[in-house]
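Enquirer: Dropping in data_10.txt, which is compact mmCIF, C-alpha atoms:
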# COMPACT_ATOMS: atom_id res chain seq x y z
CA MET A 203 78.39 132.59 63.77
CA LYS A 204 81.54 133.55 61.98
CA LYS A 205 81.95 136.66 64.07
CA LYS A 206 81.63 134.64 67.20
CA SER A 207 84.35 132.25 66.22
CA PHE A 208 86.64 135.17 65.53
CA LYS A 209 85.83 136.46 68.97
CA THR A 210 86.61 133.06 70.40
CA LYS A 211 89.94 133.11 68.65
CA VAL A 212 90.75 136.49 70.08
CA LEU A 213 89.73 135.32 73.52
CA THR A 214 91.85 132.23 73.20
CA LEU A 215 94.77 134.27 72.01
CA SER A 216 94.47 136.73 74.85
CA ALA A 217 94.13 133.85 77.26
CA VAL A 218 97.35 132.39 75.91
CA ILE A 219 99.07 135.73 76.30
CA THR A 220 97.75 136.12 79.82
CA VAL A 221 98.92 132.64 80.75
CA SER A 222 102.39 133.17 79.35
CA ALA A 223 102.61 136.51 81.09
CA THR A 224 101.56 134.88 84.34
CA THR A 225 104.22 132.23 83.91
CA VAL A 226 106.85 134.86 83.61
CA VAL A 227 105.66 136.75 86.64
CA PHE A 228 105.10 133.76 88.93
CA ALA A 229 107.69 131.04 88.80
CA HIS A 230 105.20 128.27 89.26
CA GLY A 231 105.68 126.58 85.94
CA GLY A 232 102.47 127.55 84.16
CA ALA A 233 100.12 126.83 87.03
CA MET A 234 96.63 128.21 86.59
CA GLY A 235 93.52 128.76 88.64
CA VAL A 236 93.26 126.99 91.93
CA ILE A 237 96.57 125.17 91.40
CA LYS A 238 98.39 128.47 91.07
CA GLU A 239 96.49 129.98 93.96
CA ARG A 240 97.46 127.23 96.31
CA MET A 241 101.06 127.13 95.13
CA ASP A 242 101.28 130.83 95.86
CA LEU A 243 99.66 130.27 99.22
CA MET A 244 102.20 127.58 100.08
CA SER A 245 105.02 129.89 98.97
CA ALA A 246 103.69 132.60 101.24
CA ILE A 247 103.60 130.17 104.16
CA GLY A 248 107.12 129.03 103.28
CA LYS A 249 108.35 132.59 103.24
CA ASN A 250 106.99 133.20 106.71
CA MET A 251 108.45 129.93 107.99
CA LYS A 252 111.77 130.89 106.50
CA SER A 253 111.89 134.23 108.26
CA VAL A 254 111.00 132.62 111.60
CA ALA A 255 113.61 129.92 111.00
CA ALA A 256 116.31 132.52 110.43
CA MET A 257 115.67 133.79 113.95
CA VAL A 258 115.39 130.34 115.47
CA LYS A 259 118.71 129.43 113.84
CA GLY A 260 120.28 132.64 115.10
CA GLU A 261 121.11 133.98 111.64
CA VAL A 262 119.02 137.06 112.25
CA LYS A 263 118.33 138.94 115.48
CA PHE A 264 115.50 137.41 117.48
CA ASP A 265 112.50 139.65 116.99
CA PRO A 266 109.40 138.46 118.88
CA ALA A 267 107.11 140.96 117.14
CA ALA A 268 108.21 139.78 113.68
CA ILE A 269 107.70 136.14 114.67
CA GLU A 270 104.26 136.94 116.00
CA SER A 271 103.25 138.60 112.77
CA SER A 272 104.66 135.75 110.62
CA ALA A 273 102.87 133.19 112.75
CA LYS A 274 99.57 135.06 112.50
CA SER A 275 99.97 135.32 108.76
CA ILE A 276 100.50 131.55 108.47
CA ALA A 277 97.49 130.91 110.68
CA GLU A 278 95.38 133.06 108.40
CA HIS A 279 96.70 131.34 105.27
CA SER A 280 96.02 127.93 106.77
CA THR A 281 92.30 128.65 106.94
CA LYS A 282 92.26 128.87 103.15
CA VAL A 283 93.99 125.57 102.49
CA ASN A 284 90.96 123.26 102.35
CA ASP A 285 89.08 125.39 99.82
CA LEU A 286 92.10 125.45 97.54
CA PHE A 287 92.10 121.66 97.23
CA PRO A 288 88.80 120.93 95.46
CA LYS A 289 88.30 117.23 94.81
CA GLY A 290 90.46 115.92 91.96
CA SER A 291 92.32 119.16 91.27
CA LEU A 292 95.45 117.53 89.96
CA ASP A 293 96.34 119.60 86.92
CA LYS A 294 99.99 120.14 86.12
CA PRO A 295 102.29 121.26 87.62
CA THR A 296 100.68 120.24 90.88
CA GLU A 297 102.60 118.06 93.27
CA ALA A 298 99.47 117.16 95.20
CA LEU A 299 98.62 113.47 95.52
CA PRO A 300 95.16 111.88 95.13
CA ALA A 301 95.65 110.60 98.68
CA ILE A 302 94.40 114.02 99.81
CA TRP A 303 90.83 113.14 98.89
CA GLU A 304 91.16 109.52 99.92
CA ASP A 305 92.04 110.72 103.38
CA TRP A 306 90.30 114.08 103.44
CA ASP A 307 89.62 113.96 107.19
CA ARG A 308 93.30 113.70 107.97
CA PHE A 309 94.16 116.37 105.44
CA THR A 310 91.72 118.85 106.96
CA GLN A 311 92.84 117.85 110.42
CA LEU A 312 96.39 118.82 109.43
CA SER A 313 95.37 122.19 108.03
CA LYS A 314 93.40 122.81 111.21
CA SER A 315 96.44 121.85 113.33
CA LEU A 316 98.53 124.27 111.31
CA GLU A 317 96.14 127.04 112.28
CA THR A 318 96.08 126.01 115.94
CA GLU A 319 99.83 125.59 116.27
CA THR A 320 100.73 128.81 114.47
CA ASN A 321 98.29 130.73 116.65
CA LYS A 322 100.11 129.20 119.59
CA LEU A 323 103.41 130.23 118.02
CA ALA A 324 102.14 133.81 117.86
CA GLU A 325 101.20 133.68 121.54
CA VAL A 326 104.51 132.18 122.56
CA ALA A 327 106.37 134.79 120.52
CA ALA A 328 104.45 137.56 122.24
CA SER A 329 105.74 136.19 125.55
CA GLY A 330 109.30 136.59 124.26
CA ASP A 331 110.43 133.17 125.50
CA LYS A 332 112.99 132.10 122.91
CA ARG A 333 113.19 128.47 123.94
CA ALA A 334 109.42 128.14 123.86
CA VAL A 335 109.40 129.71 120.40
CA MET A 336 111.92 127.15 119.16
CA MET A 337 109.85 124.27 120.53
CA GLN A 338 106.66 125.64 119.04
CA PHE A 339 108.36 126.30 115.71
CA ALA A 340 109.51 122.68 115.61
CA LYS A 341 105.95 121.57 116.32
CA THR A 342 104.67 123.68 113.46
CA GLY A 343 107.31 122.34 111.09
CA LYS A 344 106.27 118.81 112.00
CA ILE A 345 102.82 119.53 110.55
CA CYS A 346 104.30 120.85 107.31
CA SER A 347 106.49 117.75 106.99
CA THR A 348 103.70 115.32 107.80
CA CYS A 349 101.43 116.81 105.19
CA HIS A 350 104.19 116.95 102.57
CA THR A 351 105.20 113.36 103.31
CA ASP A 352 101.74 111.89 102.89
CA PHE A 353 100.13 114.23 100.40
CA ARG A 354 102.79 115.66 98.12
CA LEU A 355 105.20 114.19 95.60
CA LYS A 356 108.08 116.31 94.38
CA LYS A 357 108.46 115.85 90.64
CA ASP A 358 110.79 118.66 89.93
CA MET B 83 122.04 75.71 106.21
CA SER B 84 120.78 73.50 103.41
CA LYS B 85 117.52 74.37 101.80
CA HIS B 86 115.79 71.05 102.34
CA SER B 87 116.01 71.01 106.07
CA TYR B 88 113.80 73.95 106.91
CA ALA B 89 111.89 72.26 109.69
CA SER B 90 114.74 70.74 111.64
CA GLY B 91 116.89 73.76 110.96
CA PHE B 92 114.20 76.01 112.24
CA LEU B 93 113.91 74.09 115.45
CA ALA B 94 117.64 74.18 115.99
CA LEU B 95 117.65 77.89 115.36
CA ALA B 96 114.86 78.48 117.80
CA LEU B 97 116.76 76.60 120.47
CA MET B 98 120.03 78.33 119.74
CA SER B 99 118.59 81.79 119.65
CA SER B 100 116.65 81.57 122.86
CA SER B 101 119.90 81.21 124.77
CA SER B 102 121.66 83.95 122.79
CA ALA B 103 118.69 86.25 123.20
CA ILE B 104 118.96 85.96 126.94
CA ALA B 105 122.66 86.78 126.83
CA ASN B 106 122.03 89.82 124.64
CA ASN B 107 119.08 91.02 126.64
CA ASN B 108 121.26 91.39 129.67
CA ASP B 109 123.29 94.01 127.97
CA GLU B 110 121.29 97.18 128.46
CA ASP B 111 123.97 99.27 126.80
CA ALA B 112 123.99 97.13 123.68
CA ILE B 113 120.21 97.49 123.42
CA LYS B 114 120.45 101.23 123.82
CA ARG B 115 123.17 101.47 121.20
CA GLY B 116 121.19 99.11 118.97
CA LYS B 117 118.16 101.37 119.18
CA TYR B 118 120.31 104.22 117.89
CA VAL B 119 121.66 102.00 115.11
CA MET B 120 118.07 101.30 114.13
CA ASP B 121 117.45 105.06 114.00
CA ILE B 122 120.47 105.87 111.86
CA GLY B 123 119.47 102.98 109.60
CA GLY B 124 115.89 104.20 109.37
CA CYS B 125 114.53 100.63 109.61
CA VAL B 126 111.14 102.00 110.61
CA SER B 127 110.61 103.79 107.28
CA CYS B 128 110.33 100.49 105.43
CA HIS B 129 109.53 97.95 108.14
CA THR B 130 106.63 99.72 109.87
CA ASP B 131 103.47 100.07 107.82
CA LYS B 132 102.50 103.42 109.26
CA LYS B 133 100.04 104.11 106.46
CA ASN B 134 97.92 101.11 107.41
CA LYS B 135 98.58 101.53 111.12
CA GLY B 136 100.82 98.48 111.19
CA GLN B 137 102.71 97.57 114.34
CA HIS B 138 106.30 98.58 115.05
CA LEU B 139 108.66 96.78 112.62
CA ALA B 140 106.03 94.21 111.61
CA GLY B 141 106.69 94.89 107.90
CA GLY B 142 104.18 94.75 105.08
CA VAL B 143 105.13 98.06 103.45
CA ALA B 144 104.75 97.87 99.67
CA LEU B 145 107.86 98.96 97.78
CA PRO B 146 107.13 99.58 94.11
CA THR B 147 110.13 99.04 91.82
CA PRO B 148 110.54 98.64 88.06
CA PHE B 149 110.80 94.89 88.72
CA GLY B 150 107.58 94.50 90.67
CA THR B 151 106.26 95.26 94.12
CA PHE B 152 108.16 94.04 97.15
CA TYR B 153 106.63 93.74 100.60
CA THR B 154 108.97 94.35 103.50
CA PRO B 155 109.25 91.55 106.03
CA ASN B 156 108.35 91.46 109.68
CA ILE B 157 111.53 92.03 111.70
CA THR B 158 110.00 91.86 115.15
CA SER B 159 111.21 89.25 117.63
CA ASP B 160 108.42 86.87 116.65
CA GLU B 161 110.08 83.49 116.13
CA LYS B 162 107.81 82.36 113.33
CA TYR B 163 106.98 85.51 111.36
CA GLY B 164 109.73 87.80 112.53
CA ILE B 165 113.45 87.27 112.99
CA GLY B 166 113.40 86.36 116.69
CA ALA B 167 114.69 82.88 115.93
CA TRP B 168 117.75 84.11 114.09
CA THR B 169 121.16 83.98 115.67
CA THR B 170 123.26 87.12 115.63
CA GLU B 171 125.51 85.49 113.03
CA GLN B 172 122.58 84.77 110.75
CA PHE B 173 121.43 88.33 111.17
CA ILE B 174 124.87 89.66 110.24
CA GLU B 175 124.95 87.36 107.21
CA ALA B 176 121.56 88.69 106.09
CA MET B 177 122.57 92.31 106.57
CA THR B 178 126.01 92.15 105.01
CA GLN B 179 125.69 89.40 102.41
CA GLY B 180 122.01 89.55 101.53
CA VAL B 181 121.54 85.90 102.34
CA ALA B 182 118.65 84.62 104.46
CA PRO B 183 119.14 81.89 107.08
CA ASP B 184 117.60 79.39 104.65
CA GLY B 185 120.32 80.22 102.13
CA SER B 186 118.10 82.16 99.74
CA HIS B 187 119.20 85.49 98.34
CA TYR B 188 117.47 88.74 99.10
CA PHE B 189 116.45 91.16 96.41
CA PRO B 190 118.38 94.41 96.63
CA ALA B 191 115.17 96.31 97.45
CA PHE B 192 116.56 95.42 100.86
CA PRO B 193 119.65 97.65 100.93
CA TYR B 194 122.14 95.08 102.19
CA THR B 195 124.38 96.57 99.51
CA SER B 196 124.88 99.48 101.94
CA TYR B 197 124.53 97.52 105.16
CA ALA B 198 127.51 95.44 104.03
CA LYS B 199 129.57 98.46 105.09
CA MET B 200 128.27 98.35 108.64
CA LYS B 201 130.55 97.65 111.56
CA ARG B 202 130.15 94.28 113.18
CA GLN B 203 129.56 95.84 116.57
CA ASP B 204 126.74 98.02 115.21
CA LEU B 205 125.08 94.92 113.79
CA ILE B 206 125.46 92.98 117.03
CA ASP B 207 123.92 95.90 118.93
CA LEU B 208 121.12 96.24 116.40
CA LYS B 209 120.22 92.58 116.78
CA ALA B 210 120.28 93.00 120.56
CA TYR B 211 117.75 95.79 120.18
CA LEU B 212 115.58 93.90 117.69
CA ASN B 213 115.42 90.99 120.14
CA THR B 214 113.60 93.32 122.51
CA VAL B 215 111.04 94.48 119.94
CA GLU B 216 107.61 93.15 120.79
CA ALA B 217 106.82 90.04 118.77
CA VAL B 218 104.09 90.47 116.21
CA ALA B 219 102.76 87.15 114.90
CA GLU B 220 101.83 88.48 111.53
CA PRO B 221 102.91 87.15 108.15
CA THR B 222 103.73 89.59 105.37
CA PRO B 223 102.44 89.32 101.80
CA ASP B 224 104.55 87.57 99.17
CA HIS B 225 106.42 89.80 96.78
CA ASP B 226 104.50 90.61 93.64
CA VAL B 227 107.38 90.30 91.21
CA PRO B 228 106.90 88.75 87.79
CA PHE B 229 109.20 86.43 85.87
CA PRO B 230 112.17 86.56 85.40
CA PHE B 231 112.93 88.80 88.34
CA ASN B 232 111.16 86.49 90.76
CA ILE B 233 113.95 83.93 90.44
CA ARG B 234 116.05 84.46 93.50
CA GLU B 235 118.93 82.50 91.99
CA GLY B 236 119.20 85.36 89.51
CA MET B 237 120.43 87.37 92.45
CA ILE B 238 123.65 85.35 92.44
CA VAL B 239 124.47 86.84 89.05
CA TRP B 240 123.24 90.25 90.14
CA LYS B 241 125.53 90.18 93.15
CA GLU B 242 128.45 89.20 90.98
CA LEU B 243 127.79 92.26 88.84
CA PHE B 244 126.77 94.92 91.32
CA PHE B 245 127.49 93.90 94.89
CA ASP B 246 130.68 94.96 96.62
CA ASP B 247 130.75 93.31 100.02
CA SER B 248 133.98 94.91 101.18
CA PRO B 249 133.61 96.51 104.60
CA PHE B 250 133.83 100.24 105.14
CA SER B 251 137.41 101.44 105.12
CA PRO B 252 138.10 104.91 106.50
CA ASP B 253 140.17 107.32 104.46
CA PRO B 254 143.20 108.09 106.66
CA SER B 255 143.79 111.40 104.88
CA LYS B 256 140.41 112.71 106.10
CA SER B 257 139.15 113.76 109.52
CA THR B 258 137.39 111.41 111.92
CA MET B 259 134.24 113.43 111.37
CA TRP B 260 134.43 113.12 107.57
CA ASN B 261 134.89 109.37 107.91
CA ARG B 262 131.94 109.06 110.27
CA GLY B 263 129.86 110.88 107.65
CA ALA B 264 131.13 108.61 104.90
CA TYR B 265 130.21 105.60 107.03
CA LEU B 266 126.68 106.86 107.66
CA VAL B 267 125.94 107.94 104.09
CA ASN B 268 127.31 104.79 102.44
CA GLY B 269 126.54 102.36 105.25
CA PRO B 270 123.70 102.27 107.76
CA SER B 271 121.83 105.39 106.65
CA HIS B 272 122.08 104.17 103.03
CA CYS B 273 121.56 107.63 101.46
CA VAL B 274 123.30 106.40 98.31
CA GLU B 275 120.51 103.91 97.60
CA CYS B 276 117.97 106.59 96.63
CA HIS B 277 120.19 109.54 95.76
CA THR B 278 121.93 107.58 92.98
CA SER B 279 120.50 106.47 89.65
CA ARG B 280 120.24 102.79 88.85
CA ASN B 281 120.91 100.92 85.64
CA PHE B 282 118.28 98.80 83.91
CA LEU B 283 119.12 95.88 86.16
CA GLY B 284 118.75 97.92 89.31
CA GLY B 285 122.45 98.27 90.03
CA LEU B 286 123.66 101.62 91.39
CA ASP B 287 125.50 103.87 88.96
CA ARG B 288 128.60 103.99 91.14
CA ASP B 289 130.36 106.43 88.83
CA ASN B 290 127.69 108.98 89.67
CA LEU B 291 127.19 108.30 93.32
CA LEU B 292 124.80 110.75 95.03
CA ALA B 293 124.18 112.61 91.76
CA GLY B 294 120.42 112.21 92.21
CA GLU B 295 117.69 110.31 90.41
CA PRO B 296 115.35 112.27 88.10
CA LYS B 297 112.48 109.86 88.58
CA SER B 298 112.18 107.27 91.31
CA PRO B 299 109.83 104.29 90.90
CA GLU B 300 107.28 106.35 92.82
CA GLY B 301 107.68 109.18 90.30
CA GLU B 302 109.59 111.34 92.71
CA LYS B 303 112.55 113.50 91.85
CA ILE B 304 115.44 112.66 94.15
CA PRO B 305 117.88 115.57 94.28
CA SER B 306 121.61 115.43 93.79
CA LEU B 307 123.76 115.71 96.90
CA LEU B 308 126.85 116.79 95.02
CA ILE B 309 128.24 120.23 95.67
CA SER B 310 129.93 120.50 92.32
CA ASP B 311 126.99 120.33 89.94
CA GLY B 312 125.14 123.55 90.66
CA SER B 313 122.19 121.67 92.17
CA GLU B 314 119.98 123.31 94.77
CA PHE B 315 121.81 121.41 97.47
CA SER B 316 125.16 122.75 96.32
CA ASN B 317 124.14 126.17 97.64
CA TRP B 318 123.21 124.97 101.09
CA SER B 319 125.49 125.88 103.98
CA HIS B 320 126.62 123.52 106.72
CA ALA B 321 123.91 124.92 109.00
CA ASP B 322 121.24 124.65 106.26
CA THR B 323 122.13 121.01 105.74
CA ILE B 324 121.91 120.15 109.41
CA PHE B 325 118.70 122.11 109.90
CA SER B 326 117.00 120.40 106.99
CA LEU B 327 118.04 116.95 108.19
CA GLN B 328 116.86 117.74 111.70
CA MET B 329 113.66 119.61 111.01
CA GLY B 330 112.93 118.85 107.38
CA MET B 331 113.02 122.51 106.43
CA THR B 332 114.97 123.64 103.38
CA PRO B 333 116.66 127.06 103.17
CA LYS B 334 113.73 128.22 101.03
CA GLY B 335 111.31 127.63 103.85
CA ASP B 336 109.81 124.55 102.21
CA PHE B 337 109.44 121.34 104.18
CA LEU B 338 110.79 118.09 102.80
CA GLY B 339 108.13 115.50 102.23
CA GLY B 340 107.67 112.34 100.24
CA SER B 341 110.24 109.66 100.96
CA MET B 342 112.64 112.20 102.51
CA GLY B 343 109.90 113.23 104.92
CA LYS B 344 110.02 109.68 106.26
CA VAL B 345 113.79 109.80 106.41
CA VAL B 346 113.71 113.00 108.46
CA THR B 347 111.10 111.57 110.83
CA ASN B 348 112.66 108.15 111.27
CA THR B 349 116.35 108.66 110.62
CA THR B 350 118.04 112.03 110.45
CA GLY B 351 115.65 113.76 112.88
CA LYS B 352 116.80 111.23 115.48
CA MET B 353 120.51 111.58 114.84
CA THR B 354 122.86 113.26 117.26
CA GLU B 355 124.18 116.69 116.35
CA GLU B 356 127.64 115.16 115.87
CA ASP B 357 126.36 112.63 113.36
CA LEU B 358 124.54 115.33 111.39
CA GLN B 359 127.71 117.40 111.38
CA ALA B 360 129.57 114.35 110.13
CA ILE B 361 127.13 113.90 107.25
CA ALA B 362 127.30 117.57 106.31
CA THR B 363 131.10 117.41 106.46
CA TYR B 364 131.24 114.33 104.25
CA LEU B 365 128.88 115.97 101.77
CA GLY B 366 131.36 118.80 101.39
CA LYS B 367 129.99 121.23 103.93
CA PRO B 368 132.53 121.20 106.74
CA VAL B 369 131.93 122.88 110.07
CA LYS B 370 133.10 126.45 109.86
CA LYS B 371 135.83 127.17 112.33
CA LYS B 372 134.85 130.32 114.16
CA SER B 373 138.17 131.12 115.77
CA ALA B 374 141.74 130.76 114.52
CA GLY B 375 143.41 127.39 114.19
CA LYS B 376 143.61 127.05 110.46
CA ARG B 377 142.94 123.42 109.85
CA ASP B 378 141.48 122.21 106.64
Do you think you could lay out the structure here as structure tokens?
Expert:
Amino acid sequence: MKKKSFKTKVLTLSAVITVSATTVVFAHGGAMGVIKERMDLMSAIGKNMKSVAAMVKGEVKFDPAAIESSAKSIAEHSTKVNDLFPKGSLDKPTEALPAIWEDWDRFTQLSKSLETETNKLAEVAASGDKRAVMMQFAKTGKICSTCHTDFRLKKD
Amino acid sequence: MSKHSYASGFLALALMSSSSAIANNNDEDAIKRGKYVMDIGGCVSCHTDKKNKGQHLAGGVALPTPFGTFYTPNITSDEKYGIGAWTTEQFIEAMTQGVAPDGSHYFPAFPYTSYAKMKRQDLIDLKAYLNTVEAVAEPTPDHDVPFPFNIREGMIVWKELFFDDSPFSPDPSKSTMWNRGAYLVNGPSHCVECHTSRNFLGGLDRDNLLAGEPKSPEGEKIPSLLISDGSEFSNWSHADTIFSLQMGMTPKGDFLGGSMGKVVTNTTGKMTEEDLQAIATYLGKPVKKKSAGKRD
């Protein structure tokens, strides 16, 4: 019995160390488990959106192949969204709102639209039509905003 | 209008307004301009209960505050439940003085404190537009505000303390664009109302205008819009600012949500490029001059 409790202590200690190490590596304020996973997922989506935006805004040279690959990456990420929001997963530092599970159908509909619209963005990018890319990018952004408006609350 | 003559007053109003409504309705341009005034004011964010699939501008949105929960009124053209029976003058009085046609005082959850800065013509146009909004015969719930804040007369004191009803006055030392931005931010678009902290009585901390609010009544962090305090916003460029107001996307690739998500959808996303440039300019991010012509 005594041995076991020592072991537990060691485990706890190493867990604490792991957590603190994680915090240092990933700037997501001590997020763990599924919360961290989805925050990282969202960051990855954001990164891709950012690189497409830079081209839409004309800050960087318009590169259809890069846009296509970003769009495909977002589409792939979007298929993981639902699983990363298990019912009631509201541990700190999440910014998710309980409304997600009160209106789960709409939430999943939005993640599905994100997949559909980013796949379309990839297609449009492949065609090289800059104007069409801008329109489709705006459409994609609309989904991000809608979801963040109804289902997220910025606390920090 | 005295408080004890609701019924007769109401009838008189209804008669008066039907003739003025006809006059206003003839002015297609005024209606068009008024629609844009509604957009820059973001009326829809608070007066359309999108969450519960409410009708356009029929009110009923719950606004939680430290003083209780307010429910926004119906501002459709319905003569009984909306504001269709109001004259343009009564409407202007409500918007700029926070006084209802029956003489009662509004709570500042309705941001007349900013609308007081609005130009008379903008208000006339806005009313012209609102007269065309389909009437919805739907009452809105009473405010759920406990004593002592439920005493509207208390608002007389509040106004004395915190309400400056002086109209917007442009700063002649600044550009037209800067002044347009100042008008939008402090007037119709009422950015100051959420991006500024409030004191315990709900008055804006005017010494720290636009410095942000760490925790809104909804628990949301409202960022600072100052460029001097090292906030995230202070690093945004002119183009970043416009892009985020238009599309909701921040320079980091994140998309604004929460209450700002509504603002982007209903207000800034509908603004003209010039107006967005004006806001960015006023917030300290002037348009970069590409060619020569060194003008500051």
Enquirer: Please provide the set of residues having any atom within 10 Å of Asp289 in chain B, restricted to all atoms listed in the file, with same-chain residues fewer than 3 positions apart removed, written as a ChimeraX atom specification.
Expert: /B:278-279,286,292-293
Enquirer: Counting only C-alpha atoms, which residues from chain B have an atom at most 8 Å from any atom of chain A, and could you show them as a short mmCIF file (atom, residue, chain, number, x, y, z; two decimals) with C-alpha atoms, keeping the file's coordinate frame?
Expert:
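Result went into part28.cif, see below:
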data_model
loop_
_atom_site.label_atom_id
_atom_site.label_comp_id
_atom_site.auth_asym_id
_atom_site.auth_seq_id
_atom_site.Cartn_x
_atom_site.Cartn_y
_atom_site.Cartn_z
CA LYS B 297 112.48 109.86 88.58
CA GLY B 301 107.68 109.18 90.30
CA GLU B 302 109.59 111.34 92.71
CA LYS B 303 112.55 113.50 91.85
CA MET B 329 113.66 119.61 111.01
CA GLY B 330 112.93 118.85 107.38
CA MET B 331 113.02 122.51 106.43
CA PRO B 333 116.66 127.06 103.17
CA LYS B 334 113.73 128.22 101.03
CA GLY B 335 111.31 127.63 103.85
CA ASP B 336 109.81 124.55 102.21
CA PHE B 337 109.44 121.34 104.18
CA LEU B 338 110.79 118.09 102.80
CA GLY B 339 108.13 115.50 102.23
CA GLY B 340 107.67 112.34 100.24
CA SER B 341 110.24 109.66 100.96
CA MET B 342 112.64 112.20 102.51
CA GLY B 343 109.90 113.23 104.92
CA LYS B 344 110.02 109.68 106.26
#
Enquirer: Figure out the distance between CA of Phe309 in chain A and CA of Asp285 in chain A, please, to one decimal in Å.
Expert: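 Taking CA of Asp285 in chain A as the start and CA of Phe309 in chain A as the end point, the length is 11.8 Å.
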Enquirer: When you look at Val236 in chain A with a cut-off of 12 Å (counting all atoms listed in the file), what residues show up, excluding the ones that are within fewer than 2 positions of it in the same chain? I need them as an NGL selection string.
Expert: :A and (233-234 or 238-243 or 282-296)
Enquirer: Extract, using only C-alpha atoms, all DNA, RNA and protein residues at most 10 Å from range 256-259 of chain B, discarding same-chain residues fewer than 6 positions from it, and format them as JSON, numbers by chain.
Expert: {"B": [265, 356, 357, 358, 359, 360, 361, 362, 363, 364, 368, 369, 378]}
Enquirer: The residues within 7 Å of (110.8, 98.5, 113.3), using only C-alpha atoms and the coordinates of the file, should be reported as a PyMOL selection string; which are they?
Expert: chain B and resi 125-126+129-130+138-140+157-158
Enquirer: Considering all atoms listed in the file, state which residue in the set B:Glu220, B:Asp246, B:Glu171, B:Glu275 is at the smallest distance from Asn156 in chain B.
Expert: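 Among the listed residues, B:Glu220 lies closest to Asn156 in chain B.
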Enquirer: Could you tell me how far CA of Val215 in chain B lies from CA of Gln203 in chain B, in Å and to one decimal?
Expert: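 Distance between the two atoms: 18.9 Å.
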Enquirer: Mind pulling up the distance from CA of Asp253 in chain B to CA of Phe315 in chain B?
Expert: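 Computing the Euclidean distance for CA of Phe315 in chain B and CA of Asp253 in chain B yields 24.2 Å.
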Enquirer: Please identify all polymer residues within 7 Å of Val345 in chain B, counting only C-alpha atoms, omitting same-chain residues fewer than 5 positions from it, and present them as a ChimeraX atom specification.
Expert: /B:124,127,350
Enquirer: When you look at Ile309 in chain B with a cut-off of 10 Å (counting only C-alpha atoms), what residues show up, excluding the ones that are within fewer than 3 positions of it in the same chain? I need them as a list in words.
Expert: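 Everything that qualifies: Ala293, Ser306, Gly312, Ser313, Glu314, Phe315, Ser316, Asn317, Trp318, Leu365, Gly366 and Lys367 of chain B.
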